[in-house]
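Dropping protein32.txt in here (compact mmCIF, C-alpha atoms):
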# COMPACT_ATOMS: atom_id res chain seq x y z
CA MET A 38 26.51 5.88 -0.42
CA ASP A 39 24.04 4.27 1.90
CA LEU A 40 25.07 0.66 2.47
CA GLU A 41 21.91 -0.32 4.33
CA ASN A 42 19.76 1.07 1.55
CA THR A 43 21.71 -0.83 -1.11
CA LYS A 44 21.35 -4.04 0.87
CA ALA A 45 17.63 -3.43 1.31
CA GLN A 46 17.23 -2.88 -2.45
CA MET A 47 19.02 -6.17 -3.13
CA ARG A 48 16.75 -8.04 -0.74
CA LYS A 49 13.63 -6.47 -2.21
CA GLY A 50 14.66 -7.53 -5.68
CA ILE A 51 14.77 -11.20 -4.79
CA LEU A 52 11.88 -11.28 -2.33
CA GLU A 53 9.26 -12.00 -4.95
CA TYR A 54 11.36 -14.87 -6.25
CA CYS A 55 11.87 -16.22 -2.72
CA ILE A 56 8.13 -16.21 -1.97
CA LEU A 57 7.43 -18.26 -5.09
CA SER A 58 10.28 -20.63 -4.23
CA VAL A 59 8.93 -21.19 -0.72
CA LEU A 60 5.50 -21.96 -2.17
CA SER A 61 6.91 -24.30 -4.83
CA LYS A 62 7.64 -26.89 -2.13
CA ASN A 63 4.19 -26.96 -0.60
CA SER A 64 1.24 -24.69 0.04
CA CYS A 65 1.67 -22.45 3.07
CA TYR A 66 -0.17 -19.80 4.98
CA ALA A 67 1.37 -16.37 5.37
CA SER A 68 2.99 -16.99 8.75
CA ASP A 69 4.78 -20.12 7.44
CA ILE A 70 6.14 -18.12 4.54
CA ILE A 71 7.30 -15.40 6.91
CA LYS A 72 9.05 -17.94 9.11
CA GLU A 73 11.05 -19.29 6.19
CA LEU A 74 11.88 -15.85 4.85
CA LYS A 75 13.00 -14.70 8.28
CA GLU A 76 15.19 -17.74 8.80
CA ALA A 77 16.80 -17.03 5.44
CA LYS A 78 17.11 -13.35 6.44
CA VAL A 79 15.54 -12.04 3.22
CA ILE A 80 12.76 -10.17 4.98
CA VAL A 81 13.07 -7.63 7.77
CA VAL A 82 9.56 -6.36 8.40
CA GLU A 83 6.59 -8.62 7.84
CA GLY A 84 4.39 -5.94 6.31
CA THR A 85 6.40 -6.24 3.09
CA LEU A 86 4.97 -9.68 2.41
CA TYR A 87 1.24 -9.02 2.28
CA PRO A 88 1.07 -6.57 -0.63
CA LEU A 89 3.38 -8.87 -2.60
CA LEU A 90 1.23 -11.93 -1.94
CA THR A 91 -1.91 -10.07 -2.97
CA ARG A 92 -0.24 -8.76 -6.10
CA GLN A 93 1.02 -12.21 -7.07
CA LYS A 94 -2.44 -13.61 -6.45
CA ASN A 95 -4.04 -10.87 -8.58
CA GLY A 96 -1.45 -11.54 -11.26
CA GLY A 97 -2.55 -15.17 -11.47
CA LEU A 98 0.67 -16.65 -10.03
CA LEU A 99 -0.92 -17.77 -6.78
CA SER A 100 -4.25 -19.03 -5.63
CA TYR A 101 -5.44 -19.61 -2.10
CA ARG A 102 -7.92 -21.67 -0.17
CA TRP A 103 -9.28 -21.28 3.34
CA GLU A 104 -8.34 -24.01 5.76
CA GLU A 105 -9.63 -24.57 9.28
CA SER A 106 -7.01 -24.22 12.00
CA GLN A 107 -6.96 -25.59 15.52
CA GLN A 108 -5.22 -22.56 16.97
CA GLY A 109 -7.46 -19.87 15.64
CA PRO A 110 -9.55 -18.61 12.75
CA PRO A 111 -9.39 -20.23 9.29
CA ARG A 112 -6.13 -19.57 7.47
CA LYS A 113 -5.44 -18.58 3.92
CA TYR A 114 -3.26 -21.26 2.33
CA TYR A 115 -1.44 -20.03 -0.75
CA GLU A 116 -0.24 -22.26 -3.58
CA LEU A 117 1.35 -21.78 -7.00
CA THR A 118 -0.88 -21.91 -10.05
CA THR A 119 0.37 -23.50 -13.29
CA GLU A 120 1.20 -20.01 -14.49
CA GLY A 121 3.06 -19.41 -11.24
CA ARG A 122 5.15 -22.54 -11.76
CA GLU A 123 6.13 -21.42 -15.25
CA TYR A 124 6.94 -17.94 -13.94
CA LEU A 125 9.10 -19.46 -11.21
CA ALA A 126 10.95 -21.69 -13.70
CA ASP A 127 11.79 -18.55 -15.67
CA LEU A 128 13.01 -16.80 -12.53
CA ASP A 129 15.07 -19.88 -11.59
CA ASN A 130 16.88 -19.57 -14.89
CA SER A 131 17.50 -15.88 -14.62
CA TRP A 132 18.72 -16.33 -11.04
CA GLU A 133 21.29 -18.91 -12.23
CA GLU A 134 22.37 -16.50 -14.93
CA LEU A 135 22.75 -13.67 -12.44
CA VAL A 136 24.83 -15.80 -10.09
CA GLU A 137 27.06 -16.85 -13.00
CA SER A 138 27.42 -13.25 -14.15
CA VAL A 139 28.41 -12.03 -10.71
CA LYS A 140 30.86 -14.92 -10.28
CA LEU A 141 32.43 -14.15 -13.62
CA ILE A 142 32.86 -10.49 -12.83
CA ARG A 143 34.29 -11.13 -9.39
CA LYS A 144 36.82 -13.64 -10.72
CA LYS A 145 38.28 -11.29 -13.33
CA MET B 31 -5.41 1.51 37.15
CA LYS B 32 -6.00 1.98 33.45
CA ILE B 33 -9.05 2.05 31.23
CA THR B 34 -9.17 -0.66 28.57
CA VAL B 35 -10.95 -0.78 25.25
CA SER B 36 -12.42 -3.87 23.66
CA ILE B 37 -11.52 -4.35 19.99
CA ASN B 38 -12.09 -6.91 17.26
CA LEU B 39 -8.91 -7.60 15.30
CA GLY B 40 -8.90 -10.32 12.66
CA GLY B 41 -12.01 -11.92 14.18
CA PHE B 42 -10.63 -12.04 17.71
CA SER B 43 -11.61 -9.85 20.57
CA PHE B 44 -8.91 -8.19 22.63
CA ASN B 45 -8.86 -6.00 25.69
CA ILE B 46 -6.36 -3.28 25.08
CA ASP B 47 -5.13 -0.33 27.17
CA GLU B 48 -6.40 3.03 26.03
CA ASP B 49 -2.96 4.41 25.11
CA ALA B 50 -2.10 1.19 23.27
CA TYR B 51 -5.39 1.42 21.42
CA ALA B 52 -4.61 4.97 20.26
CA GLU B 53 -1.21 3.83 18.97
CA LEU B 54 -2.67 0.80 17.18
CA LYS B 55 -5.37 2.91 15.60
CA ARG B 56 -2.81 5.43 14.36
CA TYR B 57 -0.73 2.63 12.86
CA LEU B 58 -3.66 1.00 11.07
CA LYS B 59 -4.75 4.38 9.68
CA ASN B 60 -1.27 4.92 8.29
CA LEU B 61 -1.37 1.52 6.63
CA GLU B 62 -4.77 2.28 5.18
CA LEU B 63 -3.45 5.49 3.65
CA HIS B 64 -0.34 3.75 2.40
CA PHE B 65 -2.28 1.08 0.56
CA ALA B 66 -5.06 3.43 -0.59
CA GLY B 67 -3.83 3.41 -4.20
CA GLU B 68 -3.37 -0.33 -4.34
CA GLU B 69 -5.75 -2.76 -5.99
CA SER B 70 -7.33 -5.01 -3.31
CA SER B 71 -6.09 -2.75 -0.52
CA SER B 72 -8.78 -4.03 1.84
CA GLU B 73 -7.55 -7.58 1.32
CA ILE B 74 -3.97 -6.59 2.17
CA LEU B 75 -5.18 -4.77 5.28
CA SER B 76 -7.26 -7.69 6.47
CA ASP B 77 -4.31 -10.07 5.95
CA ILE B 78 -2.14 -7.75 8.00
CA GLU B 79 -4.79 -7.49 10.71
CA SER B 80 -5.06 -11.29 10.90
CA ARG B 81 -1.32 -11.57 11.34
CA MET B 82 -1.28 -8.86 14.01
CA SER B 83 -4.10 -10.65 15.78
CA GLU B 84 -2.01 -13.83 15.76
CA LEU B 85 0.98 -11.96 17.17
CA PHE B 86 -1.13 -10.35 19.90
CA ARG B 87 -2.60 -13.71 20.89
CA SER B 88 0.89 -15.10 21.38
CA LYS B 89 1.51 -12.30 23.91
CA LEU B 90 -1.44 -13.17 26.12
CA THR B 91 -1.39 -15.73 28.92
CA SER B 92 -3.77 -16.50 31.74
CA TYR B 93 -1.74 -14.04 33.85
CA LYS B 94 -1.67 -11.34 31.24
CA GLN B 95 -5.00 -10.66 29.61
CA VAL B 96 -4.66 -7.10 28.39
CA ILE B 97 -2.63 -5.80 25.43
CA ASN B 98 -0.43 -2.91 26.54
CA ILE B 99 1.53 -0.24 24.73
CA GLY B 100 4.70 -2.37 24.80
CA ASP B 101 2.91 -5.19 22.96
CA VAL B 102 1.64 -2.77 20.34
CA SER B 103 5.14 -1.32 19.80
CA ASP B 104 6.55 -4.85 19.51
CA VAL B 105 4.00 -5.92 16.95
CA ILE B 106 4.44 -2.71 14.97
CA SER B 107 8.20 -3.24 14.88
CA ILE B 108 7.63 -6.79 13.61
CA MET B 109 5.19 -5.66 10.92
CA GLY B 110 7.14 -2.52 10.04
CA ASN B 111 6.02 0.98 9.14
CA PRO B 112 4.81 1.89 5.64
CA ALA B 113 8.12 3.64 4.98
CA ASP B 114 9.97 0.33 5.54
CA PHE B 115 8.03 -1.66 3.00
CA SER B 116 7.41 0.65 0.11
CA ASP B 117 8.73 -1.37 -2.79
CA ASN B 118 9.86 -0.84 -6.34
CA ASP B 119 7.34 -2.59 -8.53
CA GLY B 120 4.24 -0.81 -7.27
CA PRO B 121 3.51 2.85 -7.83
CA SER B 122 6.21 4.85 -6.11
CA PRO B 123 5.43 5.71 -2.51
CA LYS B 124 5.25 9.38 -3.39
CA GLU B 125 2.41 8.72 -5.78
CA LYS B 126 0.30 6.49 -3.64
CA PHE B 127 1.12 7.64 -0.15
CA SER B 128 0.25 11.17 0.71
CA THR B 129 1.90 12.74 3.67
CA PRO B 130 -0.62 14.65 5.75
CA GLY B 131 -0.94 18.24 4.64
CA ALA B 132 0.93 17.69 1.37
CA HIS B 133 -0.11 19.99 -1.44
CA ARG B 134 0.61 18.85 -4.97
CA MET B 135 -0.62 19.78 -8.38
CA TYR B 136 -2.68 17.16 -10.19
CA ARG B 137 -5.00 17.05 -13.14
CA ASP B 138 -8.57 17.12 -11.90
CA PRO B 139 -10.60 14.51 -13.79
CA ASP B 140 -13.88 15.55 -12.14
CA LYS B 141 -13.99 19.11 -13.46
CA ARG B 142 -12.12 18.65 -16.71
CA ILE B 143 -13.09 20.12 -20.05
CA ILE B 144 -10.17 18.62 -22.03
CA GLY B 145 -7.58 16.94 -19.83
CA GLY B 146 -8.24 18.49 -16.44
CA VAL B 147 -5.05 20.61 -16.46
CA CYS B 148 -6.79 23.96 -15.85
CA ALA B 149 -9.21 22.42 -13.38
CA GLY B 150 -6.25 20.94 -11.47
CA MET B 151 -4.38 24.27 -11.43
CA GLY B 152 -7.55 25.96 -10.26
CA ALA B 153 -7.92 23.47 -7.42
CA TYR B 154 -4.26 23.90 -6.48
CA TRP B 155 -4.40 27.70 -6.23
CA ASP B 156 -8.02 27.71 -5.17
CA ILE B 157 -9.18 29.93 -8.02
CA GLU B 158 -11.90 29.52 -10.61
CA PRO B 159 -10.63 27.18 -13.40
CA TRP B 160 -12.21 29.41 -16.06
CA ILE B 161 -9.68 32.15 -15.22
CA ILE B 162 -6.86 29.75 -16.12
CA ARG B 163 -8.76 28.45 -19.13
CA GLY B 164 -9.11 32.07 -20.26
CA ILE B 165 -5.34 32.56 -20.04
CA PHE B 166 -4.75 29.38 -22.06
CA ILE B 167 -7.28 30.39 -24.69
CA ALA B 168 -5.59 33.80 -24.95
CA LEU B 169 -2.19 32.08 -25.37
CA VAL B 170 -3.58 29.85 -28.10
CA MET B 171 -5.03 32.87 -29.92
CA ALA B 172 -1.75 34.75 -29.55
CA GLY B 173 0.20 32.19 -31.55
CA GLY B 174 -0.37 28.63 -30.40
CA LEU B 175 2.04 28.63 -27.45
CA GLY B 176 -0.92 27.65 -25.26
CA VAL B 177 -1.25 24.29 -26.99
CA LEU B 178 2.37 23.39 -26.32
CA VAL B 179 2.24 24.49 -22.68
CA TYR B 180 -1.01 22.60 -22.21
CA LEU B 181 0.43 19.42 -23.69
CA ILE B 182 3.54 19.62 -21.52
CA LEU B 183 1.46 20.13 -18.38
CA TYR B 184 -0.84 17.28 -19.42
CA VAL B 185 2.15 14.94 -19.58
CA VAL B 186 3.89 16.25 -16.46
CA LEU B 187 0.93 16.43 -14.09
CA PRO B 188 -0.44 13.12 -12.81
CA GLU B 189 -4.18 12.65 -12.67
CA ALA B 190 -5.73 12.78 -9.19
CA LYS B 191 -7.19 9.29 -9.08
CA THR B 192 -7.52 8.36 -5.43
CA THR B 193 -9.43 10.21 -2.80
CA ALA B 194 -6.16 10.90 -0.98
CA GLN B 195 -4.74 12.53 -4.12
CA LYS B 196 -7.85 14.64 -4.62
CA ILE B 197 -7.48 15.96 -1.11
CA GLU B 198 -3.77 16.62 -1.70
CA MET B 199 -4.66 18.55 -4.83
CA LYS B 200 -6.70 20.99 -2.78
CA GLY B 201 -4.09 21.10 -0.03
CA ASP B 202 -6.22 19.97 2.92
CA PRO B 203 -4.46 17.70 5.37
CA VAL B 204 -5.10 14.07 4.45
CA ASN B 205 -6.71 12.09 7.21
CA ILE B 206 -9.49 9.58 7.51
CA HIS B 207 -12.09 12.21 8.34
CA ASN B 208 -11.27 14.18 5.22
CA ILE B 209 -11.49 11.10 3.06
CA LYS B 210 -14.84 10.26 4.60
CA ASP B 211 -16.12 13.80 3.96
CA SER B 212 -14.89 13.72 0.41
CA VAL B 213 -16.42 10.30 -0.30
CA LYS B 214 -19.69 11.51 1.20
CA LYS B 215 -19.61 14.59 -1.01
CA GLU B 216 -19.15 12.39 -4.06
CA PHE B 217 -22.12 10.28 -3.03
CA ASP B 218 -24.24 13.36 -2.57
CA THR B 219 -23.31 14.62 -6.03
CA VAL B 220 -24.20 11.29 -7.58
CA ARG B 221 -27.48 11.27 -5.69
CA LYS B 222 -28.27 14.79 -6.87
CA ASN B 223 -27.49 13.90 -10.47
CA MET B 224 -29.74 10.88 -10.27
CA LYS B 225 -32.66 13.03 -9.18
CA LEU B 226 -32.18 15.53 -12.00

Could I get this structure in the form of structure tokens?
Amino acid sequence: MDLENTKAQMRKGILEYCILSVLSKNSCYASDIIKELKEAKVIVVEGTLYPLLTRQKNGGLLSYRWEESQQGPPRKYYELTTEGREYLADLDNSWEELVESVKLIRKK
Amino acid sequence: MKITVSINLGGFSFNIDEDAYAELKRYLKNLELHFAGEESSSEILSDIESRMSELFRSKLTSYKQVINIGDVSDVISIMGNPADFSDNDGPSPKEKFSTPGAHRMYRDPDKRIIGGVCAGMGAYWDIEPWIIRGIFIALVMAGGLGVLVYLILYVVLPEAKTTAQKIEMKGDPVNIHNIKDSVKKEFDTVRKNMKL
């Protein structure tokens, strides 16, 4: 068994959920999201984020707007759409359920 | 002394050492191939380029004005290689990312008569599809086995949708030049058809 691979699979599974959670607090541009995900150690390489963001945007969960920046070119600020909020609420529930399930199994 | 190249990355201009430039170019080509099957791949690539541009800018000071190979390696290790971020919910990396020189059998939608199975086999072995169609027709005549075999192959073989897959089907090494050639060929065919 490959421990690193198993760990990576676990992280990948929750990454989508984490991105939506980060954005539920306020709208961010990609580098802010990366910073939070890195602090929480759920992302290893940054390249993982961009296809997910684009897919979530195409799926109607996110929208973005361009905002001027003082340090460089305009930045893409992502935020949750109404659909995205509902989607996240669903994921919140299933996350709670998962945590409960794992707890239950480990206690037995 | 080293020669530098001037590049535009994410709307910023950078001076970059020649060897670092070659490495960066190779990396971006790999990404392009990796995301070739993805919807909005150009958007993903431009987001990644913007981020890389931001990372490169943070490496420059008034004493250090040129991007070197170390900077490029750093930024690549931060961004990660395509193999590190292939994920589960998209098409599997095998399907969308073609390793150079790979040779796989696909259904060929461009030359199909029914489902492109014979055309795909023809492209794979580099023989005239009508020879294979002839064999299938003979099998059908000889008792209907041909239909079953055809149906199984239709289900098993994926359709060659992307340019990278079409090149893989014929077994040429996949690189940007090939894709360009192949796209150009398609354009020429369309142009010819328009004239007719």

Show me, as a Markdown table, the residues of chain A having an atom within 7 Å of chain B, each with the closest atom pair and its distance in Å, using only C-alpha atoms.
| residue | atom | partner | partner_atom | distance |
| --- | --- | --- | --- | --- |
| A:Val82 | CA | B:Gly110 | CA | 4.8 |
| A:Glu83 | CA | B:Met109 | CA | 4.5 |
| A:Gly84 | CA | B:Met109 | CA | 4.7 |
| A:Thr85 | CA | B:Phe115 | CA | 4.9 |
| A:Tyr87 | CA | B:Ile74 | CA | 5.7 |
| A:Pro88 | CA | B:Ile74 | CA | 5.8 |
| A:Thr91 | CA | B:Ile74 | CA | 6.5 |

Report, in Å with one decimal, the straight-line distance from atom CA of B:Leu90 to atom CA of B:Phe44.
9.6 Å

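Comparing A:Gln108, A:Asn63, A:Thr43, A:Gln93 by their smallest distance to B:Ser88, the closest is A:Gln108 (using all atoms listed in the file).
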
Taken to one decimal, the atom CA of B:Asn45-atom CA of B:Asn208 distance is 28.8 Å

Would you work out the distance separating atom CA of A:Glu137 from atom CA of A:Glu73, expressed in Å to one decimal?
25.1 Å

Residues near B:Lys141, anyone? I mean within 12 Å using all atoms listed in the file, not counting same-chain ones fewer than 3 positions away, as an NGL selection string.
:B and (136-138 or 144-153 or 158-160 or 189-190 or 196)

Might you pull out every residue within 6 Å of B:His133, with all atoms listed in the file counted and same-chain residues fewer than 3 positions away left off, and present them as an MDAnalysis selection string?
chainID B and resid 198:199 201

Option closest in space to A:Leu128, from A:Ile51, A:Asn95, A:Asp69, A:Glu41 [counting only C-alpha atoms]
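So, comparing all the options, the nearest one is A:Ile51.
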
Around all of stretch 31-44 of chain B's listed atoms, make the axis-aligned box with 5 Å on each side and tell me centre and edge lengths in Å to one decimal, as JSON.
{"center_x": -8.9, "center_y": -5.0, "center_z": 24.9, "size_x": 17.0, "size_y": 24.1, "size_z": 34.5}
